[in-house]
Amino acid sequence: MEAFLDTLFFLYVYLMLLFFSTSFLISESSSLFPSCRLWRHFELNGMHKPGDVILGGLFEVHYTSVFPEFTFTSEPNQLNCQGFDPPGFRHAMTMAYAIDEINKNSNLLPNVTIGYSLYDNCATLVIGFSAALSLASGREEQFLAQETCLGSPPVLGIVGDSFSTFSIATSNVIGLFKLPIVSYFATCSCLSDRRRFPSFFRTIPSDAFQVRAMIQILKRFSWTWVGLLVSDDDYGLHVTQSLQADMAQSGAGCLAYTEILPWGENPAELKRIVEVIKKSTARVVIVFQSLMTQLIVQNVTGLQWIASEAWTSAAVLQIPQLMPYLGGTLGIAIRRGEIPGLRDFLLQVCPDLHHNSSYGNSLVRQFWEHTFHCRFAPPPAGWLEAGGPLCTGQEDLENVETEFLDVSNLRPEYNIYKAVYALAYALDDMLHCVPGRGPFSEHSCATLDSLEPWQLMYYLEKVNFTTSFGDQVSFDENGDALPIYDIMNWLWLPDGRTKVQNVGLVKKSPFKGEELILDEDKIFWNFDSKQPPQSVCSENCPPGTRMARKKGQPVCCFDCVLCSEGKISNKTECISCPEDYWSSPQRDHCVPKETEFLSYHEPLGICLTTTSLLGTFFCAVVLGIFTYHRNTPVVRANNSELSFLILLSLKLCFLCSLLFIGRPRMWTCQLRHAAFGISFVLCVSCILVKTMVVVAVFKASKPGGGASLKWFGAVQQRGTVVALTAIQAAICTAWIVSASPAPHKNTQYHNDKIVYECVVGSTIGFAVLLGYIGLLAILSFLLAFLARNLPDNFNEAKLITFSMLIFCAVWVAFVPAYVNSPGKYADAVEVFAILASSFGLLVALFGPKCYIILLRPERNTKKAVMGRGTTKT
């Protein structure tokens, strides 16, 4: 609320100043006065040093003030600043030291002396704003009006302010004139808006980087569930927005709660906030403003605090009484630097050396009075610090304990030092400009006589130097310097003392980007385990499960759900296994899928293989019997050569079934159907020729039918068999060349299995192959069926009819069974059809003959064979 009221007051002051300035200019221009004077003079607390060019500075030397009654009159307003702050005065003197060091440096700004005008903002917006206007307008009360305004501006740049809210107010106005402002302590990320703050620069990292640094710490220790406490001002508002956005974008975690700490005393609200902290499961709390009173009252321990740079190095909190609560705190701290010679310069501060006017260097007098508890006579009007004995100005600083001389932990001072040097290097680059090669219109250069603030700002944007401490200083397109922070840890020593130690740093470099360097072995953890705490809303899901968000809860709060089959978890979600892999039962890794094909090692494959080999063996036995009895009438009847050829083709049919067993490969896929088709065509074509010969012989036995036998001699029979077989070979060749069968990994039948099968390549080719075999079989069946009633002495037709009936029945049943059988079962059906039809042909054609040859040899005579037509047995 105070920040809001300050902002309203600033707007009111600005509008009133604008109104009076406009009225003043109109009245002065209408009267055509030869000179102009300031409408009013702000009575400000400051110190000054003349020079060729002047740099301004805004510092918090007092930390409170009695708000003055602001009036727009020529009478100066009385300021009443209270609470002298020695570190704040050290900040101002650091700027004075940096300027003194630059003036002594012959390599930087030779022949140019830098002066300064430093003001105290008294931690009050209206005073800081008034001081900024005084720096921009100058301290001269009257100046001559000229047709062309020549000369340098009152100050070339301003180092400050220390507060984000103050910098926002100041930059909104001063930025209109492109006067460079280099802040050493304002961290609000909103100040990176170049369109709103075109002349604002800073040597301290913005809160956006501070937030990213904290997120890197959260990631390092896997803290995904954290609380956030911020101040009720612009600083806290932008920190909250930045932290929420960056955590969501990077997936670093979630905020368990966000609480705004009130300004001033509000015990009820503080108690409520502490209750929220105690009830939350978050064990890590990010704090951008200290909250200690209620923590002690309610004994809140067991938390890991992450402190912002605003209170990481606050000595007032580093006391043994607070260590049970704050011990182990990890904090982001402004980069600590070394400034050689600063302490010697501070020891030279003396009111006699700076006593030039009643208010010109009043800061030194107030510091002296505060340090030695004395007063100068007469005391400056309006200042309440005076009291005690009279000051002589000869007191010795080395004999008194004061924070002013503590240069062991230079953090804001180091940023001030870099800010002054940045302005000096920018001015030096500007003065080294070669006329005719400058960056401005017509390649002109800027000079001290006609310097405009925006010209210096141009060089400030391009400044790049390295400090004696080894840190690189340059500004990006938003006016932010290369960010760097120290990581601090609050150590609780065994003897009860406290120590804040450096355990790492986080920085951004032009080449490596943002990086966190942390020495975890040095970190003190204020827990019994002496290990980092765990702070998560939900424990990480075990392997094989995925996160399922809880309705209405942040993304960090979730349930763990088992992944579905075929998927494994990668901690956050389930991902599918590669095509040839399947999830393990625990869903924690992928395993190769089971492979399925008609194998020689499984029962079905063993049975079919055994049957195939038995069929081959039986064919060999029958072939042996027929060979041994080749001269007997039963064997010689009706062309024994065709009988031997049928036995040979049946053996090939039995053997070709083995090509359907085992893992499909390219050569087996191509060969299996070709071998099957040619073998069966060879067999069926022999049977067809046999049937035709039976019919021809019967016709030849009739008067006048002998002429038909000339077409069925041995040569014609062989030629017919070869021709019919060659047609099938041509069909197989065309099929393999045009669309060859090939092995295929089929995953459609089973998700967790790979079924290896041979795809036919061309369904038409496969259909033509089967159709051709079927055509020959049907012709054989029809001829044999028509000749079934011929006299027995000519007749094998009954055996052929029966065998072809079995053959056709098997293959007619095969087609629907094959189409509806998946994977290896399709191969098994085809093998079964081959074996069944082969056994049918073998038994039907050769079973009765073997019976006669082996068991009824008396019937294996020419007389018996030729007499079968008249003898009934």
# chains A, B, ... in the order shown; residues from 1 in each chain; ligands from 1

call {"tool": "residues_around", "arguments": {"residues": "Cys188 (chain A)", "least_positions_apart": "6", "cutoff": "9 Å", "atoms": "only C-alpha atoms", "output": "ChimeraX atom specification"}}
result
/A:163-165,168,206-208,234-236,238-239

call {"tool": "write_last_selection", "arguments": {"atoms": "C-alpha atoms", "output": "PDB file, in the first residue's frame"}}
result
ATOM      1  CA  PHE A 163      15.127   0.905  -5.020  1.00  0.00           C
ATOM      2  CA  SER A 164      13.197  -0.576  -7.934  1.00  0.00           C
ATOM      3  CA  THR A 165      10.165   1.628  -7.250  1.00  0.00           C
ATOM      4  CA  ILE A 168      10.812   3.206 -12.070  1.00  0.00           C
ATOM      5  CA  SER A 206      17.472  -8.400 -12.793  1.00  0.00           C
ATOM      6  CA  ASP A 207      15.014 -10.446 -10.795  1.00  0.00           C
ATOM      7  CA  ALA A 208      14.384 -12.481 -13.928  1.00  0.00           C
ATOM      8  CA  ASP A 234       6.506  -3.809  -7.496  1.00  0.00           C
ATOM      9  CA  TYR A 235       9.483  -5.972  -6.624  1.00  0.00           C
ATOM     10  CA  GLY A 236       7.329  -8.736  -5.134  1.00  0.00           C
ATOM     11  CA  HIS A 238       7.155  -8.990 -10.726  1.00  0.00           C
ATOM     12  CA  VAL A 239       9.077 -11.697  -8.868  1.00  0.00           C
TER      13      VAL A 239
END

call {"tool": "select_by_dssp", "arguments": {"residues": "region 217-318 of chain A", "states": "strand (DSSP E or B)", "output": "PDB file with all heavy atoms, in the first residue's frame"}}
result
ATOM      1  N   TRP A 225       8.333 -28.786  -5.197  1.00  0.00           N
ATOM      2  CA  TRP A 225       7.148 -28.331  -4.462  1.00  0.00           C
ATOM      3  C   TRP A 225       7.613 -27.307  -3.443  1.00  0.00           C
ATOM      4  O   TRP A 225       8.165 -27.658  -2.399  1.00  0.00           O
ATOM      5  CB  TRP A 225       6.478 -29.534  -3.799  1.00  0.00           C
ATOM      6  CG  TRP A 225       5.132 -29.307  -3.173  1.00  0.00           C
ATOM      7  CD1 TRP A 225       4.786 -29.546  -1.878  1.00  0.00           C
ATOM      8  CD2 TRP A 225       3.929 -28.841  -3.807  1.00  0.00           C
ATOM      9  NE1 TRP A 225       3.464 -29.259  -1.662  1.00  0.00           N
ATOM     10  CE2 TRP A 225       2.911 -28.827  -2.832  1.00  0.00           C
ATOM     11  CE3 TRP A 225       3.634 -28.426  -5.099  1.00  0.00           C
ATOM     12  CZ2 TRP A 225       1.604 -28.417  -3.111  1.00  0.00           C
ATOM     13  CZ3 TRP A 225       2.341 -28.013  -5.386  1.00  0.00           C
ATOM     14  CH2 TRP A 225       1.349 -28.020  -4.406  1.00  0.00           C
ATOM     15  N   VAL A 226       7.451 -26.023  -3.755  1.00  0.00           N
ATOM     16  CA  VAL A 226       8.037 -24.964  -2.932  1.00  0.00           C
ATOM     17  C   VAL A 226       6.991 -23.895  -2.634  1.00  0.00           C
ATOM     18  O   VAL A 226       6.033 -23.705  -3.377  1.00  0.00           O
ATOM     19  CB  VAL A 226       9.255 -24.320  -3.646  1.00  0.00           C
ATOM     20  CG1 VAL A 226      10.356 -25.334  -3.853  1.00  0.00           C
ATOM     21  CG2 VAL A 226       8.852 -23.710  -4.970  1.00  0.00           C
ATOM     22  N   GLY A 227       7.222 -23.207  -1.517  1.00  0.00           N
ATOM     23  CA  GLY A 227       6.410 -22.056  -1.167  1.00  0.00           C
ATOM     24  C   GLY A 227       7.112 -20.767  -1.550  1.00  0.00           C
ATOM     25  O   GLY A 227       8.335 -20.746  -1.755  1.00  0.00           O
ATOM     26  N   LEU A 228       6.349 -19.689  -1.651  1.00  0.00           N
ATOM     27  CA  LEU A 228       6.905 -18.398  -2.074  1.00  0.00           C
ATOM     28  C   LEU A 228       6.355 -17.292  -1.194  1.00  0.00           C
ATOM     29  O   LEU A 228       5.136 -17.176  -1.013  1.00  0.00           O
ATOM     30  CB  LEU A 228       6.557 -18.119  -3.539  1.00  0.00           C
ATOM     31  CG  LEU A 228       6.983 -16.753  -4.103  1.00  0.00           C
ATOM     32  CD1 LEU A 228       8.489 -16.618  -4.086  1.00  0.00           C
ATOM     33  CD2 LEU A 228       6.443 -16.557  -5.507  1.00  0.00           C
ATOM     34  N   LEU A 229       7.264 -16.503  -0.625  1.00  0.00           N
ATOM     35  CA  LEU A 229       6.900 -15.336   0.171  1.00  0.00           C
ATOM     36  C   LEU A 229       7.518 -14.111  -0.484  1.00  0.00           C
ATOM     37  O   LEU A 229       8.736 -14.072  -0.712  1.00  0.00           O
ATOM     38  CB  LEU A 229       7.409 -15.470   1.616  1.00  0.00           C
ATOM     39  CG  LEU A 229       6.966 -16.722   2.394  1.00  0.00           C
ATOM     40  CD1 LEU A 229       7.581 -16.717   3.785  1.00  0.00           C
ATOM     41  CD2 LEU A 229       5.450 -16.785   2.483  1.00  0.00           C
ATOM     42  N   VAL A 230       6.694 -13.102  -0.792  1.00  0.00           N
ATOM     43  CA  VAL A 230       7.191 -11.903  -1.471  1.00  0.00           C
ATOM     44  C   VAL A 230       6.673 -10.665  -0.754  1.00  0.00           C
ATOM     45  O   VAL A 230       5.720 -10.719   0.036  1.00  0.00           O
ATOM     46  CB  VAL A 230       6.745 -11.871  -2.953  1.00  0.00           C
ATOM     47  CG1 VAL A 230       7.351 -13.027  -3.714  1.00  0.00           C
ATOM     48  CG2 VAL A 230       5.232 -11.892  -3.070  1.00  0.00           C
ATOM     49  N   SER A 231       7.305  -9.549  -1.054  1.00  0.00           N
ATOM     50  CA  SER A 231       6.904  -8.276  -0.462  1.00  0.00           C
ATOM     51  C   SER A 231       5.749  -7.662  -1.249  1.00  0.00           C
ATOM     52  O   SER A 231       5.530  -7.972  -2.423  1.00  0.00           O
ATOM     53  CB  SER A 231       8.103  -7.318  -0.445  1.00  0.00           C
ATOM     54  OG  SER A 231       8.643  -7.181  -1.752  1.00  0.00           O
ATOM     55  N   CYS A 254       6.396 -26.611  -8.972  1.00  0.00           N
ATOM     56  CA  CYS A 254       5.158 -25.863  -8.756  1.00  0.00           C
ATOM     57  C   CYS A 254       5.245 -25.111  -7.432  1.00  0.00           C
ATOM     58  O   CYS A 254       5.997 -25.485  -6.533  1.00  0.00           O
ATOM     59  CB  CYS A 254       3.948 -26.796  -8.731  1.00  0.00           C
ATOM     60  SG  CYS A 254       3.834 -27.915 -10.130  1.00  0.00           S
ATOM     61  N   LEU A 255       4.439 -24.077  -7.355  1.00  0.00           N
ATOM     62  CA  LEU A 255       4.327 -23.319  -6.110  1.00  0.00           C
ATOM     63  C   LEU A 255       3.196 -23.896  -5.267  1.00  0.00           C
ATOM     64  O   LEU A 255       2.049 -23.964  -5.709  1.00  0.00           O
ATOM     65  CB  LEU A 255       4.063 -21.842  -6.416  1.00  0.00           C
ATOM     66  CG  LEU A 255       5.199 -21.080  -7.112  1.00  0.00           C
ATOM     67  CD1 LEU A 255       4.781 -19.648  -7.392  1.00  0.00           C
ATOM     68  CD2 LEU A 255       6.463 -21.110  -6.268  1.00  0.00           C
ATOM     69  N   ALA A 256       3.554 -24.317  -4.067  1.00  0.00           N
ATOM     70  CA  ALA A 256       2.539 -24.857  -3.164  1.00  0.00           C
ATOM     71  C   ALA A 256       1.637 -23.731  -2.657  1.00  0.00           C
ATOM     72  O   ALA A 256       0.437 -23.928  -2.447  1.00  0.00           O
ATOM     73  CB  ALA A 256       3.202 -25.568  -1.994  1.00  0.00           C
ATOM     74  N   TYR A 257       2.207 -22.559  -2.483  1.00  0.00           N
ATOM     75  CA  TYR A 257       1.448 -21.385  -2.053  1.00  0.00           C
ATOM     76  C   TYR A 257       2.256 -20.139  -2.389  1.00  0.00           C
ATOM     77  O   TYR A 257       3.480 -20.192  -2.559  1.00  0.00           O
ATOM     78  CB  TYR A 257       1.148 -21.437  -0.554  1.00  0.00           C
ATOM     79  CG  TYR A 257       2.369 -21.620   0.319  1.00  0.00           C
ATOM     80  CD1 TYR A 257       3.159 -20.535   0.704  1.00  0.00           C
ATOM     81  CD2 TYR A 257       2.745 -22.890   0.747  1.00  0.00           C
ATOM     82  CE1 TYR A 257       4.278 -20.710   1.483  1.00  0.00           C
ATOM     83  CE2 TYR A 257       3.865 -23.078   1.530  1.00  0.00           C
ATOM     84  CZ  TYR A 257       4.636 -21.986   1.890  1.00  0.00           C
ATOM     85  OH  TYR A 257       5.764 -22.164   2.656  1.00  0.00           O
ATOM     86  N   THR A 258       1.590 -19.037  -2.530  1.00  0.00           N
ATOM     87  CA  THR A 258       2.224 -17.734  -2.733  1.00  0.00           C
ATOM     88  C   THR A 258       1.590 -16.759  -1.755  1.00  0.00           C
ATOM     89  O   THR A 258       0.378 -16.524  -1.798  1.00  0.00           O
ATOM     90  CB  THR A 258       2.017 -17.228  -4.171  1.00  0.00           C
ATOM     91  OG1 THR A 258       2.572 -18.178  -5.092  1.00  0.00           O
ATOM     92  CG2 THR A 258       2.688 -15.887  -4.377  1.00  0.00           C
ATOM     93  N   GLU A 259       2.388 -16.217  -0.859  1.00  0.00           N
ATOM     94  CA  GLU A 259       1.887 -15.300   0.156  1.00  0.00           C
ATOM     95  C   GLU A 259       2.608 -13.967   0.054  1.00  0.00           C
ATOM     96  O   GLU A 259       3.820 -13.919  -0.186  1.00  0.00           O
ATOM     97  CB  GLU A 259       2.068 -15.884   1.565  1.00  0.00           C
ATOM     98  CG  GLU A 259       1.260 -17.144   1.833  1.00  0.00           C
ATOM     99  CD  GLU A 259      -0.241 -16.875   1.836  1.00  0.00           C
ATOM    100  OE1 GLU A 259      -0.629 -15.710   2.075  1.00  0.00           O
ATOM    101  OE2 GLU A 259      -1.013 -17.820   1.614  1.00  0.00           O
ATOM    102  N   ILE A 260       1.841 -12.902   0.206  1.00  0.00           N
ATOM    103  CA  ILE A 260       2.386 -11.542   0.145  1.00  0.00           C
ATOM    104  C   ILE A 260       2.544 -11.032   1.567  1.00  0.00           C
ATOM    105  O   ILE A 260       1.572 -10.943   2.326  1.00  0.00           O
ATOM    106  CB  ILE A 260       1.455 -10.616  -0.658  1.00  0.00           C
ATOM    107  CG1 ILE A 260       1.332 -11.143  -2.104  1.00  0.00           C
ATOM    108  CG2 ILE A 260       1.979  -9.190  -0.646  1.00  0.00           C
ATOM    109  CD1 ILE A 260       0.367 -10.341  -2.958  1.00  0.00           C
ATOM    110  N   LEU A 261       3.773 -10.715   1.919  1.00  0.00           N
ATOM    111  CA  LEU A 261       4.058 -10.245   3.272  1.00  0.00           C
ATOM    112  C   LEU A 261       3.691  -8.767   3.386  1.00  0.00           C
ATOM    113  O   LEU A 261       4.114  -7.953   2.561  1.00  0.00           O
ATOM    114  CB  LEU A 261       5.538 -10.440   3.596  1.00  0.00           C
ATOM    115  CG  LEU A 261       6.024 -11.898   3.540  1.00  0.00           C
ATOM    116  CD1 LEU A 261       7.529 -11.955   3.745  1.00  0.00           C
ATOM    117  CD2 LEU A 261       5.316 -12.725   4.599  1.00  0.00           C
ATOM    118  N   VAL A 284      10.535 -26.589   1.240  1.00  0.00           N
ATOM    119  CA  VAL A 284      11.436 -25.556   0.730  1.00  0.00           C
ATOM    120  C   VAL A 284      10.623 -24.287   0.518  1.00  0.00           C
ATOM    121  O   VAL A 284       9.534 -24.328  -0.065  1.00  0.00           O
ATOM    122  CB  VAL A 284      12.105 -25.992  -0.594  1.00  0.00           C
ATOM    123  CG1 VAL A 284      12.949 -24.863  -1.170  1.00  0.00           C
ATOM    124  CG2 VAL A 284      12.954 -27.236  -0.372  1.00  0.00           C
ATOM    125  N   VAL A 285      11.147 -23.169   1.007  1.00  0.00           N
ATOM    126  CA  VAL A 285      10.443 -21.892   0.910  1.00  0.00           C
ATOM    127  C   VAL A 285      11.383 -20.861   0.303  1.00  0.00           C
ATOM    128  O   VAL A 285      12.500 -20.660   0.799  1.00  0.00           O
ATOM    129  CB  VAL A 285       9.945 -21.407   2.288  1.00  0.00           C
ATOM    130  CG1 VAL A 285       9.104 -20.137   2.121  1.00  0.00           C
ATOM    131  CG2 VAL A 285       9.147 -22.493   2.998  1.00  0.00           C
ATOM    132  N   ILE A 286      10.923 -20.230  -0.778  1.00  0.00           N
ATOM    133  CA  ILE A 286      11.663 -19.131  -1.390  1.00  0.00           C
ATOM    134  C   ILE A 286      11.140 -17.833  -0.783  1.00  0.00           C
ATOM    135  O   ILE A 286       9.935 -17.573  -0.807  1.00  0.00           O
ATOM    136  CB  ILE A 286      11.478 -19.124  -2.913  1.00  0.00           C
ATOM    137  CG1 ILE A 286      11.997 -20.433  -3.522  1.00  0.00           C
ATOM    138  CG2 ILE A 286      12.193 -17.946  -3.548  1.00  0.00           C
ATOM    139  CD1 ILE A 286      11.740 -20.555  -5.011  1.00  0.00           C
ATOM    140  N   VAL A 287      12.039 -17.018  -0.259  1.00  0.00           N
ATOM    141  CA  VAL A 287      11.628 -15.816   0.470  1.00  0.00           C
ATOM    142  C   VAL A 287      12.316 -14.604  -0.136  1.00  0.00           C
ATOM    143  O   VAL A 287      13.547 -14.578  -0.252  1.00  0.00           O
ATOM    144  CB  VAL A 287      11.977 -15.922   1.968  1.00  0.00           C
ATOM    145  CG1 VAL A 287      11.355 -14.763   2.737  1.00  0.00           C
ATOM    146  CG2 VAL A 287      11.488 -17.244   2.540  1.00  0.00           C
ATOM    147  N   GLN A 304      13.720 -25.632   4.583  1.00  0.00           N
ATOM    148  CA  GLN A 304      14.882 -25.176   3.840  1.00  0.00           C
ATOM    149  C   GLN A 304      14.533 -23.844   3.197  1.00  0.00           C
ATOM    150  O   GLN A 304      13.648 -23.772   2.339  1.00  0.00           O
ATOM    151  CB  GLN A 304      15.284 -26.190   2.777  1.00  0.00           C
ATOM    152  CG  GLN A 304      16.417 -25.730   1.865  1.00  0.00           C
ATOM    153  CD  GLN A 304      17.722 -25.531   2.624  1.00  0.00           C
ATOM    154  OE1 GLN A 304      18.121 -26.368   3.416  1.00  0.00           O
ATOM    155  NE2 GLN A 304      18.368 -24.394   2.408  1.00  0.00           N
ATOM    156  N   TRP A 305      15.219 -22.792   3.613  1.00  0.00           N
ATOM    157  CA  TRP A 305      14.939 -21.450   3.111  1.00  0.00           C
ATOM    158  C   TRP A 305      15.868 -21.139   1.940  1.00  0.00           C
ATOM    159  O   TRP A 305      17.057 -21.436   1.971  1.00  0.00           O
ATOM    160  CB  TRP A 305      15.125 -20.410   4.213  1.00  0.00           C
ATOM    161  CG  TRP A 305      14.237 -20.626   5.395  1.00  0.00           C
ATOM    162  CD1 TRP A 305      14.534 -21.321   6.520  1.00  0.00           C
ATOM    163  CD2 TRP A 305      12.896 -20.165   5.554  1.00  0.00           C
ATOM    164  NE1 TRP A 305      13.463 -21.328   7.374  1.00  0.00           N
ATOM    165  CE2 TRP A 305      12.441 -20.624   6.818  1.00  0.00           C
ATOM    166  CE3 TRP A 305      12.037 -19.416   4.760  1.00  0.00           C
ATOM    167  CZ2 TRP A 305      11.174 -20.352   7.301  1.00  0.00           C
ATOM    168  CZ3 TRP A 305      10.770 -19.135   5.240  1.00  0.00           C
ATOM    169  CH2 TRP A 305      10.343 -19.598   6.490  1.00  0.00           C
ATOM    170  N   ILE A 306      15.294 -20.529   0.918  1.00  0.00           N
ATOM    171  CA  ILE A 306      16.075 -19.994  -0.198  1.00  0.00           C
ATOM    172  C   ILE A 306      15.849 -18.491  -0.205  1.00  0.00           C
ATOM    173  O   ILE A 306      14.724 -18.023  -0.430  1.00  0.00           O
ATOM    174  CB  ILE A 306      15.658 -20.615  -1.536  1.00  0.00           C
ATOM    175  CG1 ILE A 306      15.886 -22.130  -1.513  1.00  0.00           C
ATOM    176  CG2 ILE A 306      16.438 -20.001  -2.683  1.00  0.00           C
ATOM    177  CD1 ILE A 306      15.532 -22.826  -2.804  1.00  0.00           C
ATOM    178  N   ALA A 307      16.904 -17.749   0.049  1.00  0.00           N
ATOM    179  CA  ALA A 307      16.787 -16.310   0.254  1.00  0.00           C
ATOM    180  C   ALA A 307      17.141 -15.547  -1.006  1.00  0.00           C
ATOM    181  O   ALA A 307      18.033 -15.937  -1.767  1.00  0.00           O
ATOM    182  CB  ALA A 307      17.710 -15.872   1.397  1.00  0.00           C
TER     183      ALA A 307
END

call {"tool": "closest_residue", "arguments": {"among": "A:Phe440, A:Tyr417, A:Trp454, A:Trp311", "to": "Leu176 (chain A)", "atoms": "only C-alpha atoms"}}
result
A:Trp454
